[in-house]
$ cat model_3.txt   # compact mmCIF, C-alpha atoms
# COMPACT_ATOMS: atom_id res chain seq x y z
CA MET A 1209 -42.37 -87.65 103.42
CA VAL A 1210 -42.13 -84.79 105.84
CA LYS A 1211 -44.61 -82.08 104.88
CA ASN A 1212 -43.95 -79.59 107.60
CA TYR A 1213 -41.33 -78.67 110.16
CA PHE A 1214 -42.88 -77.01 113.18
CA GLN A 1215 -40.91 -74.86 115.60
CA PRO A 1216 -43.33 -74.29 118.49
CA GLN A 1217 -42.42 -71.38 120.76
CA ASP A 1218 -43.75 -72.90 123.97
CA LEU A 1219 -44.56 -76.28 125.50
CA GLU A 1220 -48.34 -75.87 125.16
CA GLU A 1221 -48.00 -75.37 121.43
CA ALA A 1222 -45.74 -78.41 121.12
CA VAL A 1223 -48.25 -80.55 123.00
CA ARG A 1224 -51.09 -79.16 120.86
CA LEU A 1225 -49.22 -80.12 117.68
CA LEU A 1226 -48.54 -83.59 119.07
CA LYS A 1227 -52.21 -83.97 119.88
CA ARG A 1228 -53.26 -82.89 116.39
CA TYR A 1229 -50.79 -84.99 114.40
CA GLY A 1230 -50.31 -88.00 116.70
CA LYS A 1231 -48.60 -90.90 114.94
CA ARG A 1232 -47.78 -88.77 111.92
CA ALA A 1233 -45.50 -86.50 113.95
CA ARG A 1234 -42.06 -86.92 115.48
CA ILE A 1235 -40.40 -84.77 118.11
CA LEU A 1236 -36.95 -83.50 117.12
CA ALA A 1237 -34.39 -82.15 119.59
CA GLY A 1238 -30.73 -82.58 118.60
CA GLY A 1239 -31.75 -84.50 115.50
CA THR A 1240 -28.53 -86.52 115.42
CA ASP A 1241 -30.44 -89.81 115.28
CA LEU A 1242 -33.68 -88.59 113.75
CA MET A 1243 -32.42 -86.48 110.82
CA PRO A 1244 -30.50 -89.29 109.07
CA ALA A 1245 -33.29 -91.75 109.86
CA LEU A 1246 -35.89 -89.44 108.30
CA LYS A 1247 -33.68 -88.73 105.30
CA ARG A 1248 -33.13 -92.44 104.70
CA GLY A 1249 -36.83 -93.16 105.11
CA GLU A 1250 -36.23 -95.44 108.08
CA VAL A 1251 -38.58 -93.32 110.15
CA ASP A 1252 -41.84 -92.41 108.55
CA ALA A 1253 -43.26 -89.06 109.59
CA GLU A 1254 -45.27 -86.32 107.94
CA TYR A 1255 -44.59 -83.70 110.55
CA VAL A 1256 -41.52 -82.85 112.54
CA ILE A 1257 -42.05 -80.95 115.77
CA SER A 1258 -38.78 -79.34 116.76
CA ILE A 1259 -38.59 -78.49 120.45
CA ASN A 1260 -35.47 -76.37 119.98
CA SER A 1261 -37.36 -73.10 120.45
CA VAL A 1262 -39.31 -74.25 123.49
CA PRO A 1263 -38.12 -72.28 126.52
CA GLY A 1264 -37.53 -74.12 129.77
CA LEU A 1265 -36.67 -77.46 128.20
CA ASP A 1266 -33.00 -76.49 128.22
CA ALA A 1267 -33.04 -76.30 132.02
CA LEU A 1268 -30.34 -78.14 133.92
CA GLU A 1269 -31.06 -77.47 137.58
CA TYR A 1270 -29.83 -78.97 140.80
CA ASP A 1271 -31.46 -78.87 144.17
CA GLU A 1272 -30.25 -80.88 147.18
CA GLY A 1273 -33.77 -82.04 147.91
CA ARG A 1274 -35.18 -82.73 144.48
CA GLY A 1275 -31.97 -83.70 142.76
CA LEU A 1276 -30.98 -82.91 139.18
CA LYS A 1277 -33.51 -81.89 136.58
CA ILE A 1278 -32.40 -82.49 132.99
CA GLY A 1279 -34.71 -80.82 130.47
CA ALA A 1280 -35.41 -82.51 127.14
CA ARG A 1281 -33.18 -80.07 125.25
CA VAL A 1282 -30.10 -80.46 127.45
CA THR A 1283 -27.18 -81.54 125.27
CA TYR A 1284 -24.18 -83.63 126.22
CA SER A 1285 -21.98 -80.54 125.99
CA GLN A 1286 -24.28 -78.63 128.32
CA LEU A 1287 -24.23 -81.51 130.81
CA LEU A 1288 -20.44 -81.79 130.61
CA SER A 1289 -19.90 -78.07 131.17
CA SER A 1290 -21.94 -78.06 134.39
CA THR A 1291 -19.80 -77.78 137.51
CA THR A 1292 -22.65 -79.19 139.61
CA VAL A 1293 -22.92 -82.28 137.44
CA ARG A 1294 -19.15 -82.77 137.61
CA GLU A 1295 -19.24 -82.55 141.39
CA GLN A 1296 -22.47 -84.38 142.17
CA TYR A 1297 -22.78 -86.94 139.36
CA PRO A 1298 -19.31 -87.86 138.03
CA ILE A 1299 -20.85 -91.03 136.56
CA LEU A 1300 -22.90 -88.90 134.15
CA VAL A 1301 -19.74 -87.13 133.01
CA GLU A 1302 -18.04 -90.51 132.55
CA ALA A 1303 -20.86 -91.62 130.26
CA ALA A 1304 -21.53 -88.36 128.41
CA GLN A 1305 -17.92 -87.73 127.42
CA GLN A 1306 -17.82 -91.09 125.67
CA VAL A 1307 -20.69 -90.26 123.36
CA GLY A 1308 -19.86 -89.16 119.80
CA GLY A 1309 -17.42 -86.35 119.11
CA VAL A 1310 -17.66 -82.67 119.97
CA GLN A 1311 -19.95 -81.96 116.99
CA VAL A 1312 -22.48 -84.60 118.04
CA ARG A 1313 -22.28 -83.70 121.73
CA ASN A 1314 -23.05 -80.08 120.85
CA LEU A 1315 -26.36 -81.14 119.28
CA ALA A 1316 -27.46 -84.46 120.77
CA THR A 1317 -29.57 -84.49 123.90
CA ILE A 1318 -29.67 -86.84 126.89
CA ALA A 1319 -33.44 -87.18 126.53
CA GLY A 1320 -33.09 -87.99 122.83
CA ASN A 1321 -30.63 -90.76 123.63
CA LEU A 1322 -33.27 -92.33 125.89
CA CYS A 1323 -36.21 -91.78 123.50
CA HIS A 1324 -34.28 -93.45 120.69
CA ALA A 1325 -34.22 -96.40 123.12
CA ALA A 1326 -31.27 -98.20 121.60
CA PRO A 1327 -30.23 -101.09 123.88
CA SER A 1328 -26.72 -99.61 123.69
CA ALA A 1329 -27.73 -96.05 124.68
CA ASP A 1330 -24.81 -94.81 126.78
CA MET A 1331 -26.89 -92.65 129.11
CA ALA A 1332 -29.28 -95.48 130.03
CA PRO A 1333 -27.15 -97.59 132.41
CA PRO A 1334 -25.87 -94.62 134.47
CA LEU A 1335 -29.32 -93.07 134.71
CA LEU A 1336 -30.78 -96.45 135.70
CA VAL A 1337 -28.35 -96.87 138.59
CA LEU A 1338 -29.07 -93.29 139.64
CA ALA A 1339 -32.79 -94.26 139.80
CA ALA A 1340 -33.77 -91.47 137.42
CA ARG A 1341 -37.38 -90.81 136.53
CA ALA A 1342 -38.79 -89.83 133.16
CA GLU A 1343 -41.08 -86.81 133.15
CA ILE A 1344 -43.58 -87.35 130.36
CA ILE A 1345 -46.05 -84.84 129.00
CA GLY A 1346 -49.06 -85.29 126.75
CA PRO A 1347 -52.47 -83.80 126.00
CA GLY A 1348 -53.87 -85.45 129.16
CA GLY A 1349 -51.27 -83.86 131.42
CA SER A 1350 -48.00 -85.12 132.75
CA ARG A 1351 -46.84 -88.34 134.33
CA SER A 1352 -43.65 -89.57 135.88
CA LEU A 1353 -42.19 -92.99 135.16
CA ASP A 1354 -39.34 -94.98 136.64
CA LEU A 1355 -36.71 -94.98 133.89
CA GLU A 1356 -36.56 -98.77 134.08
CA GLU A 1357 -40.16 -98.86 132.84
CA PHE A 1358 -39.33 -96.42 130.04
CA PHE A 1359 -37.40 -98.92 127.89
CA ARG A 1360 -39.63 -101.50 126.23
CA GLY A 1361 -37.45 -103.03 123.52
CA PRO A 1362 -35.04 -102.12 120.73
CA ASN A 1363 -35.94 -98.57 119.70
CA ARG A 1364 -39.17 -98.82 121.67
CA SER A 1365 -39.93 -96.56 124.61
CA ALA A 1366 -42.97 -96.33 126.85
CA LEU A 1367 -44.02 -93.05 125.25
CA LYS A 1368 -47.50 -93.28 123.85
CA THR A 1369 -48.62 -91.56 120.68
CA ARG A 1370 -49.09 -87.86 121.50
CA GLU A 1371 -46.67 -88.02 124.43
CA MET A 1372 -43.17 -86.62 124.70
CA LEU A 1373 -40.33 -86.79 127.20
CA ALA A 1374 -40.14 -83.39 128.88
CA GLY A 1375 -37.11 -84.24 130.97
CA LEU A 1376 -35.53 -86.40 133.63
CA VAL A 1377 -35.22 -86.13 137.36
CA VAL A 1378 -32.16 -87.69 138.96
CA PRO A 1379 -32.34 -88.04 142.75
CA ALA A 1380 -29.58 -86.41 144.78
CA LEU A 1381 -26.91 -88.76 146.08
CA ASP A 1382 -25.21 -88.28 149.40
CA GLY A 1383 -21.50 -88.86 149.90
CA ALA A 1384 -22.08 -92.46 150.96
CA TRP A 1385 -22.78 -93.28 147.31
CA GLY A 1386 -20.19 -94.04 144.68
CA ALA A 1387 -20.95 -94.77 141.06
CA SER A 1388 -19.18 -95.60 137.83
CA TYR A 1389 -19.95 -96.29 134.16
CA LEU A 1390 -17.63 -98.30 131.95
CA LYS A 1391 -18.04 -98.72 128.23
CA LEU A 1392 -16.36 -101.12 125.88
CA GLY A 1393 -16.17 -100.10 122.22
CA GLN A 1394 -13.96 -101.19 119.36
CA ARG A 1395 -12.03 -97.97 119.84
CA SER A 1396 -12.18 -95.23 122.40
CA ALA A 1397 -13.98 -92.49 120.43
CA MET A 1398 -17.08 -92.24 118.25
CA GLU A 1399 -18.17 -95.74 119.14
CA ILE A 1400 -21.37 -97.60 119.87
CA ALA A 1401 -21.03 -99.62 123.08
CA LEU A 1402 -20.39 -103.34 122.67
CA VAL A 1403 -21.13 -103.52 126.37
CA GLY A 1404 -21.84 -100.79 128.91
CA VAL A 1405 -21.99 -101.37 132.66
CA ALA A 1406 -22.97 -98.94 135.39
CA ALA A 1407 -22.78 -99.55 139.12
CA ALA A 1408 -23.82 -97.44 142.10
CA VAL A 1409 -23.08 -98.44 145.68
CA LYS A 1410 -24.04 -96.94 149.03
CA LYS A 1411 -21.42 -97.73 151.63
CA VAL A 1412 -22.41 -97.46 155.29
CA ASN A 1413 -20.01 -98.59 158.05
CA GLY A 1414 -17.92 -100.45 155.49
CA ARG A 1415 -20.92 -102.44 154.21
CA CYS A 1416 -22.95 -102.21 151.08
CA GLN A 1417 -26.30 -100.82 152.15
CA GLU A 1418 -27.76 -100.27 148.69
CA VAL A 1419 -26.54 -101.17 145.24
CA ARG A 1420 -27.72 -100.93 141.65
CA ILE A 1421 -26.12 -102.44 138.56
CA ALA A 1422 -27.30 -101.77 135.02
CA LEU A 1423 -26.21 -103.32 131.74
CA GLY A 1424 -26.34 -101.79 128.28
CA ALA A 1425 -26.15 -103.43 124.82
CA VAL A 1426 -26.59 -106.97 126.18
CA ALA A 1427 -30.39 -107.39 126.07
CA ALA A 1428 -33.33 -106.05 124.09
CA ARG A 1429 -33.26 -103.02 126.37
CA PRO A 1430 -31.00 -101.60 129.06
CA ILE A 1431 -31.54 -103.81 132.13
CA ARG A 1432 -30.82 -104.00 135.85
CA ALA A 1433 -28.82 -107.01 137.07
CA ARG A 1434 -30.97 -107.75 140.12
CA LYS A 1435 -29.51 -111.13 141.15
CA ALA A 1436 -26.05 -109.59 141.18
CA GLU A 1437 -27.35 -106.66 143.24
CA GLU A 1438 -28.99 -109.01 145.78
CA SER A 1439 -25.77 -110.95 146.23
CA LEU A 1440 -24.07 -107.79 147.51
CA ALA A 1441 -26.59 -106.69 150.12
CA GLY A 1442 -25.04 -105.97 153.51
CA LYS A 1443 -21.58 -107.14 152.47
CA GLU A 1444 -18.18 -105.60 152.35
CA LEU A 1445 -17.24 -105.49 148.66
CA THR A 1446 -14.10 -107.59 148.67
CA ALA A 1447 -12.60 -108.90 145.44
CA GLU A 1448 -14.32 -112.27 145.95
CA VAL A 1449 -17.72 -110.76 146.65
CA ILE A 1450 -17.40 -108.53 143.59
CA ALA A 1451 -16.29 -111.44 141.38
CA GLN A 1452 -19.32 -113.46 142.41
CA ALA A 1453 -21.67 -110.57 141.63
CA ALA A 1454 -19.97 -110.05 138.27
CA ASN A 1455 -20.66 -113.71 137.43
CA LEU A 1456 -24.32 -113.26 138.28
CA ALA A 1457 -24.48 -110.09 136.17
CA ALA A 1458 -23.02 -111.97 133.20
CA ARG A 1459 -25.67 -114.64 133.64
CA SER A 1460 -28.47 -112.10 133.62
CA ALA A 1461 -27.29 -110.66 130.30
CA ARG A 1462 -29.11 -111.78 127.14
CA PRO A 1463 -26.67 -110.64 124.46
CA ILE A 1464 -26.84 -111.27 120.74
CA SER A 1465 -24.07 -111.95 118.24
CA ASP A 1466 -23.76 -109.35 115.53
CA VAL A 1467 -21.26 -107.78 113.19
CA ARG A 1468 -19.45 -106.11 116.09
CA CYS A 1469 -18.88 -109.13 118.33
CA SER A 1470 -20.26 -112.44 119.56
CA ALA A 1471 -22.77 -113.00 122.31
CA ARG A 1472 -20.19 -115.04 124.20
CA TYR A 1473 -17.70 -112.19 124.13
CA ARG A 1474 -20.33 -109.70 125.27
CA ARG A 1475 -21.26 -111.94 128.21
CA GLU A 1476 -17.61 -112.32 129.19
CA MET A 1477 -17.15 -108.56 129.01
CA VAL A 1478 -20.19 -107.98 131.21
CA MET A 1479 -18.33 -109.94 133.86
CA VAL A 1480 -15.12 -107.96 133.45
CA LEU A 1481 -16.78 -104.55 133.31
CA THR A 1482 -19.12 -105.29 136.22
CA ARG A 1483 -16.13 -106.28 138.33
CA ARG A 1484 -14.32 -103.05 137.49
CA ALA A 1485 -17.37 -100.81 137.77
CA LEU A 1486 -18.26 -102.21 141.20
CA ALA A 1487 -14.69 -101.85 142.45
CA ARG A 1488 -14.54 -98.26 141.25
CA ALA A 1489 -17.96 -97.35 142.66
CA TRP A 1490 -17.00 -98.90 146.02
CA GLU A 1491 -13.77 -96.92 146.07
CA ARG A 1492 -15.61 -93.69 145.28
CA ALA A 1493 -18.18 -94.20 148.05
CA SER A 1494 -16.72 -92.60 151.13
CA SER A 1495 -17.52 -94.63 154.20
CA MET B 887 -43.26 -75.14 98.00
CA GLY B 888 -40.08 -74.01 99.63
CA ILE B 889 -39.96 -72.27 102.97
CA GLY B 890 -38.30 -68.85 102.88
CA LEU B 891 -35.23 -68.60 105.08
CA THR B 892 -32.63 -65.94 105.76
CA LEU B 893 -29.29 -67.16 107.05
CA ARG B 894 -26.24 -65.35 108.43
CA ILE B 895 -23.15 -67.03 107.07
CA ASN B 896 -19.62 -65.67 107.47
CA GLY B 897 -21.07 -62.31 108.40
CA LYS B 898 -23.28 -62.02 105.30
CA SER B 899 -27.03 -62.50 104.93
CA TYR B 900 -28.32 -65.03 102.42
CA ARG B 901 -31.91 -65.48 101.37
CA THR B 902 -32.90 -68.97 100.30
CA GLU B 903 -35.76 -71.47 100.17
CA VAL B 904 -35.66 -74.86 101.83
CA GLU B 905 -37.75 -77.99 102.28
CA PRO B 906 -38.70 -79.10 105.82
CA LEU B 907 -35.75 -81.50 106.13
CA THR B 908 -33.14 -79.59 104.15
CA THR B 909 -29.88 -79.68 106.08
CA LEU B 910 -27.55 -76.77 106.61
CA LEU B 911 -25.00 -78.69 104.52
CA GLU B 912 -27.38 -78.88 101.55
CA VAL B 913 -28.06 -75.14 101.73
CA LEU B 914 -24.36 -74.31 101.93
CA ARG B 915 -23.25 -76.52 99.08
CA ASP B 916 -26.21 -76.77 96.74
CA ASP B 917 -27.97 -73.42 97.12
CA LEU B 918 -25.21 -71.03 98.07
CA GLY B 919 -22.25 -72.63 96.34
CA LEU B 920 -20.18 -72.65 99.52
CA THR B 921 -18.59 -75.98 98.68
CA GLY B 922 -15.65 -75.68 101.06
CA THR B 923 -17.74 -77.62 103.56
CA LYS B 924 -17.62 -81.28 102.47
CA GLU B 925 -20.09 -84.10 102.66
CA GLY B 926 -18.48 -87.33 103.80
CA CYS B 927 -20.72 -89.86 105.50
CA GLY B 928 -23.85 -87.72 105.71
CA GLU B 929 -24.72 -89.12 109.12
CA GLY B 930 -22.53 -87.40 111.66
CA ASP B 931 -19.65 -89.86 111.86
CA CYS B 932 -16.86 -88.29 109.81
CA GLY B 933 -16.88 -84.56 110.60
CA ALA B 934 -16.04 -83.46 107.02
CA CYS B 935 -19.07 -81.13 107.15
CA THR B 936 -18.11 -79.42 110.43
CA VAL B 937 -19.15 -75.76 110.64
CA LEU B 938 -19.64 -73.39 113.56
CA VAL B 939 -23.13 -72.39 114.61
CA ASP B 940 -23.06 -69.66 117.24
CA GLY B 941 -19.45 -70.64 117.89
CA GLN B 942 -20.14 -74.34 118.41
CA ALA B 943 -18.80 -77.03 116.09
CA VAL B 944 -21.66 -79.07 114.63
CA ASN B 945 -22.14 -81.55 111.80
CA ALA B 946 -23.87 -79.53 109.07
CA CYS B 947 -25.20 -82.80 107.60
CA LEU B 948 -27.33 -83.35 110.71
CA PHE B 949 -28.33 -79.75 111.27
CA PRO B 950 -31.79 -78.78 110.00
CA ALA B 951 -31.37 -75.59 107.96
CA LEU B 952 -34.45 -74.11 109.61
CA GLU B 953 -32.71 -74.29 113.00
CA ALA B 954 -29.97 -71.97 111.72
CA ARG B 955 -32.41 -69.06 111.46
CA GLY B 956 -31.18 -66.20 113.63
CA LYS B 957 -27.84 -67.87 114.28
CA GLU B 958 -24.31 -67.04 113.12
CA VAL B 959 -22.86 -69.71 110.85
CA VAL B 960 -19.13 -69.78 110.09
CA THR B 961 -17.73 -72.04 107.38
CA ILE B 962 -14.20 -72.57 106.10
CA GLU B 963 -14.82 -69.78 103.57
CA GLY B 964 -15.20 -67.35 106.46
CA LEU B 965 -11.69 -67.77 107.88
CA ALA B 966 -9.37 -66.05 105.40
CA ARG B 967 -9.23 -62.25 105.73
CA ASP B 968 -8.32 -59.88 102.88
CA GLY B 969 -6.73 -62.68 100.89
CA ARG B 970 -4.70 -63.86 103.84
CA LEU B 971 -5.15 -67.32 105.27
CA HIS B 972 -6.28 -67.78 108.85
CA PRO B 973 -3.36 -68.82 111.11
CA LEU B 974 -4.80 -72.35 111.31
CA GLN B 975 -5.00 -72.62 107.52
CA GLN B 976 -1.45 -71.30 107.20
CA ALA B 977 -0.22 -73.77 109.81
CA PHE B 978 -1.88 -76.72 108.04
CA VAL B 979 -0.07 -75.72 104.85
CA GLU B 980 3.29 -75.17 106.53
CA LYS B 981 3.21 -78.35 108.61
CA GLY B 982 2.21 -80.52 105.66
CA ALA B 983 -1.02 -81.47 107.40
CA VAL B 984 -2.97 -81.62 104.14
CA GLN B 985 -2.87 -84.80 102.09
CA CYS B 986 -5.94 -85.46 99.92
CA GLY B 987 -7.53 -82.47 101.65
CA PHE B 988 -11.10 -83.72 101.95
CA CYS B 989 -11.23 -83.75 105.76
CA ILE B 990 -9.28 -80.52 106.19
CA PRO B 991 -12.09 -77.92 106.18
CA GLY B 992 -13.83 -79.91 108.93
CA MET B 993 -10.58 -80.41 110.84
CA ILE B 994 -9.84 -76.69 110.74
CA MET B 995 -13.34 -75.75 111.89
CA SER B 996 -13.07 -78.19 114.82
CA ALA B 997 -9.65 -76.78 115.65
CA LYS B 998 -11.01 -73.24 115.49
CA ALA B 999 -13.85 -74.10 117.87
CA LEU B 1000 -11.29 -75.58 120.25
CA LEU B 1001 -8.86 -72.64 120.16
CA ASP B 1002 -11.65 -70.04 120.41
CA GLY B 1003 -12.63 -71.55 123.77
CA ASN B 1004 -9.24 -72.83 124.91
CA PRO B 1005 -6.24 -70.98 123.41
CA SER B 1006 -3.66 -73.29 125.00
CA PRO B 1007 -4.94 -76.85 124.78
CA SER B 1008 -2.91 -79.92 125.70
CA ASP B 1009 -2.28 -82.59 123.08
CA ASP B 1010 -5.02 -84.68 124.66
CA GLU B 1011 -7.45 -81.80 124.39
CA ILE B 1012 -6.52 -81.37 120.72
CA LYS B 1013 -7.12 -85.07 120.10
CA LEU B 1014 -10.48 -84.96 121.84
CA ALA B 1015 -11.48 -81.89 119.84
CA ILE B 1016 -10.86 -83.67 116.53
CA ALA B 1017 -12.14 -87.10 117.66
CA GLY B 1018 -15.21 -86.47 115.52
CA ASN B 1019 -13.15 -85.75 112.39
CA LEU B 1020 -11.86 -88.66 110.34
CA CYS B 1021 -8.81 -88.36 108.10
CA ARG B 1022 -8.77 -91.35 105.75
CA CYS B 1023 -5.22 -90.49 104.69
CA THR B 1024 -4.59 -91.05 108.44
CA GLY B 1025 -2.28 -88.06 108.69
CA TYR B 1026 -3.26 -87.14 112.21
CA ILE B 1027 0.21 -86.44 113.57
CA LYS B 1028 0.84 -83.47 111.29
CA ILE B 1029 -2.70 -82.20 111.83
CA ILE B 1030 -2.10 -82.23 115.57
CA GLU B 1031 1.26 -80.51 115.05
CA ALA B 1032 -0.38 -77.81 112.97
CA ILE B 1033 -3.03 -77.13 115.61
CA ARG B 1034 -0.42 -77.16 118.37
CA SER B 1035 1.69 -74.61 116.47
CA VAL B 1036 -1.20 -72.13 116.51
CA ALA B 1037 -2.12 -72.78 120.12
CA ARG B 1038 -0.69 -70.33 122.60
CA SER B 1039 2.04 -71.89 124.63
CA ALA B 1040 0.72 -72.57 128.12
CA CYS B 1041 3.97 -71.71 129.88
$ encode --input "model_3.txt" --output "structure tokens"
Amino acid sequence: MVKNYFQPQDLEEAVRLLKRYGKRARILAGGTDLMPALKRGEVDAEYVISINSVPGLDALEYDEGRGLKIGARVTYSQLLSSTTVREQYPILVEAAQQVGGVQVRNLATIAGNLCHAAPSADMAPPLLVLAARAEIIGPGGSRSLDLEEFFRGPNRSALKTREMLAGLVVPALDGAWGASYLKLGQRSAMEIALVGVAAAVKKVNGRCQEVRIALGAVAARPIRARKAEESLAGKELTAEVIAQAANLAARSARPISDVRCSARYRREMVMVLTRRALARAWERASS
Amino acid sequence: MGIGLTLRINGKSYRTEVEPLTTLLEVLRDDLGLTGTKEGCGEGDCGACTVLVDGQAVNACLFPALEARGKEVVTIEGLARDGRLHPLQQAFVEKGAVQCGFCIPGMIMSAKALLDGNPSPSDDEIKLAIAGNLCRCTGYIKIIEAIRSVARSAC
């Protein structure tokens, strides 16, 4: 039972409340996952700490050196309306516009999607291939964590009791990079991903100098497909090379069968989507 | 003990008391009797509870009432003026867009949010704007026609 709903007016107060209530408190931003879960009793909390009045956490700032800073309160709609994001990180637009409908995108936050830590979180694969870092704050100060380390299992993040995600930092990409996120759902809107695949490629002199591939909804957490990435190093991404990498990506998936589809189908779709995502990322990377 | 809360809804101030997790939808329907806003799924999937908060379409079933403090809320009851339907409401009637009617308040609020920001949307933009609103009668075509008829022609 929730006894109190706090609306701290600055970050220090939010951290102080987290410190005082620890396990008994939950941070609320958009609330699109947390509100129904609290109402249904699936999440047990005595105190809700809303960060919606905390100034600064709604910052969405780009700097060529530091990259993109996404504060914990930044919503999908805010991300999608940013010209800078559209220009510099089209892959984030590709992912964000496939989440929920307008009403959910107006409330839900990118940080909340990651904290919820669903294996199918749509923002996870693109942010993984962009090598984003999680900026975490707690009573002991702040720390920065590679996003890959942030996901620990289904609905389990690396946040410790009394810690919260303050935001994300996404490194700047130069024009040699191309990236793409593809999502498969049962229909094209308002869907949870059956499979999500993100790929980012750095093309130098017609060769793949760096590459990252991330898979969503096909393991206990969003994962990188490292064997597939290694198979591409230094190569020109021809159809054959891409097909081979897509096979390796499918093999690194650990999908389950559930009400939405079978493990076998998910694995097959990892192959298809990886092929397409790599081809699109390669095309987008200007040589 | 309830928490005292003043809300601005359709241009009027309402004083109410809420629990920590009371949603905006619960306040509208149960406390204030503004039952035009419907509860469908109660978890943000169906859009029947769509209202505008500071001009943005949101699911009232997900929206903590306490977060509405200091904001302007507009519900379906706020659209008609002096006994005359809003152009969107009139268009829904004229185009036969209303079947059982349950999704319509939410549909109209989503359409209003769209047209307020983009007076001449394409059909694709209309479809995207109502992607979060389910019509179980499945009468989408006439709903889209109704919204299109209110949109300003782009050419």
$ atom_distance --input "model_3.txt" --atom1 "atom CA of Ala1457 of chain A" --atom2 "atom CA of Met1479 of chain A"
6.6 Å
$ atom_distance --input "model_3.txt" --atom1 "atom CA of Leu1355 of chain A" --atom2 "atom CA of Gly1264 of chain A"
21.3 Å
$ interface_residues --input "model_3.txt" --of "chain A" --to "chain B" --cutoff "8 Å" --atoms "all atoms listed in the file" --output "ChimeraX atom specification"
/A:1210-1213,1239-1240,1243-1244,1247,1260,1308-1312,1314-1315,1397-1398
$ atom_distance --input "model_3.txt" --atom1 "atom CA of Ile1012 of chain B" --atom2 "atom CA of Ala1032 of chain B"
10.5 Å
$ closest_residue --input "model_3.txt" --among "B:Val913, B:Cys986, B:Ala1037, B:Ala966" --to "Cys1023 of chain B" --atoms "only C-alpha atoms"
B:Cys986
$ closest_residue --input "model_3.txt" --among "A:Ala1436, A:Ser1470, A:Ser1494, A:Pro1347" --to "Arg1415 of chain A" --atoms "only C-alpha atoms"
A:Ser1494
$ residues_around --input "model_3.txt" --residues "Arg1370 of chain A" --least-positions-apart "5" --cutoff "6 Å" --atoms "all atoms listed in the file" --output "PyMOL selection string"
chain A and resi 1226-1227+1230+1346
$ axis_aligned_box --input "model_3.txt" --around "segment 1241-1249 of chain A" --padding-each-side "5 Å" --output "lines of an AutoDock Vina configuration file"
center_x = -33.6
center_y = -89.8
center_z = 110.0
size_x = 16.4
size_y = 16.7
size_z = 20.6
$ residues_near_point --input "model_3.txt" --point "(-43.2, -80.8, 119.0)" --cutoff "9 Å" --atoms "only C-alpha atoms" --output "PyMOL selection string"
chain A and resi 1214-1216+1219+1221-1226+1233-1237+1256-1260+1262+1372
$ write_last_selection --input "model_3.txt" --atoms "C-alpha atoms" --output "PDB file, keeping the file's coordinate frame"
ATOM      1  CA  PHE A1214     -42.880 -77.010 113.180  1.00  0.00           C
ATOM      2  CA  GLN A1215     -40.910 -74.860 115.600  1.00  0.00           C
ATOM      3  CA  PRO A1216     -43.330 -74.290 118.490  1.00  0.00           C
ATOM      4  CA  LEU A1219     -44.560 -76.280 125.500  1.00  0.00           C
ATOM      5  CA  GLU A1221     -48.000 -75.370 121.430  1.00  0.00           C
ATOM      6  CA  ALA A1222     -45.740 -78.410 121.120  1.00  0.00           C
ATOM      7  CA  VAL A1223     -48.250 -80.550 123.000  1.00  0.00           C
ATOM      8  CA  ARG A1224     -51.090 -79.160 120.860  1.00  0.00           C
ATOM      9  CA  LEU A1225     -49.220 -80.120 117.680  1.00  0.00           C
ATOM     10  CA  LEU A1226     -48.540 -83.590 119.070  1.00  0.00           C
ATOM     11  CA  ALA A1233     -45.500 -86.500 113.950  1.00  0.00           C
ATOM     12  CA  ARG A1234     -42.060 -86.920 115.480  1.00  0.00           C
ATOM     13  CA  ILE A1235     -40.400 -84.770 118.110  1.00  0.00           C
ATOM     14  CA  LEU A1236     -36.950 -83.500 117.120  1.00  0.00           C
ATOM     15  CA  ALA A1237     -34.390 -82.150 119.590  1.00  0.00           C
ATOM     16  CA  VAL A1256     -41.520 -82.850 112.540  1.00  0.00           C
ATOM     17  CA  ILE A1257     -42.050 -80.950 115.770  1.00  0.00           C
ATOM     18  CA  SER A1258     -38.780 -79.340 116.760  1.00  0.00           C
ATOM     19  CA  ILE A1259     -38.590 -78.490 120.450  1.00  0.00           C
ATOM     20  CA  ASN A1260     -35.470 -76.370 119.980  1.00  0.00           C
ATOM     21  CA  VAL A1262     -39.310 -74.250 123.490  1.00  0.00           C
ATOM     22  CA  MET A1372     -43.170 -86.620 124.700  1.00  0.00           C
TER      23      MET A1372
END
$ residues_near_point --input "model_3.txt" --point "(-33.6, -86.0, 126.9)" --cutoff "6 Å" --atoms "all atoms listed in the file" --output "list in words"
Ala1280, Thr1317, Ile1318, Ala1319, Gly1320 and Gly1375 of chain A
$ closest_residue --input "model_3.txt" --among "A:Pro1463, A:Pro1333, A:Pro1263, A:Gly1383" --to "Ala1493 of chain A" --atoms "only C-alpha atoms"
A:Gly1383
$ residues_around --input "model_3.txt" --residues "Val959 of chain B" --least-positions-apart "3" --cutoff "9 Å" --atoms "all atoms listed in the file" --output "PDB file with C-alpha atoms, in the coordinates of the input"
ATOM      1  CA  LEU B 893     -29.290 -67.160 107.050  1.00  0.00           C
ATOM      2  CA  ARG B 894     -26.240 -65.350 108.430  1.00  0.00           C
ATOM      3  CA  ILE B 895     -23.150 -67.030 107.070  1.00  0.00           C
ATOM      4  CA  ASN B 896     -19.620 -65.670 107.470  1.00  0.00           C
ATOM      5  CA  GLY B 897     -21.070 -62.310 108.400  1.00  0.00           C
ATOM      6  CA  VAL B 937     -19.150 -75.760 110.640  1.00  0.00           C
ATOM      7  CA  LEU B 938     -19.640 -73.390 113.560  1.00  0.00           C
ATOM      8  CA  VAL B 939     -23.130 -72.390 114.610  1.00  0.00           C
ATOM      9  CA  ASP B 940     -23.060 -69.660 117.240  1.00  0.00           C
ATOM     10  CA  GLY B 941     -19.450 -70.640 117.890  1.00  0.00           C
ATOM     11  CA  ALA B 954     -29.970 -71.970 111.720  1.00  0.00           C
TER      12      ALA B 954
END
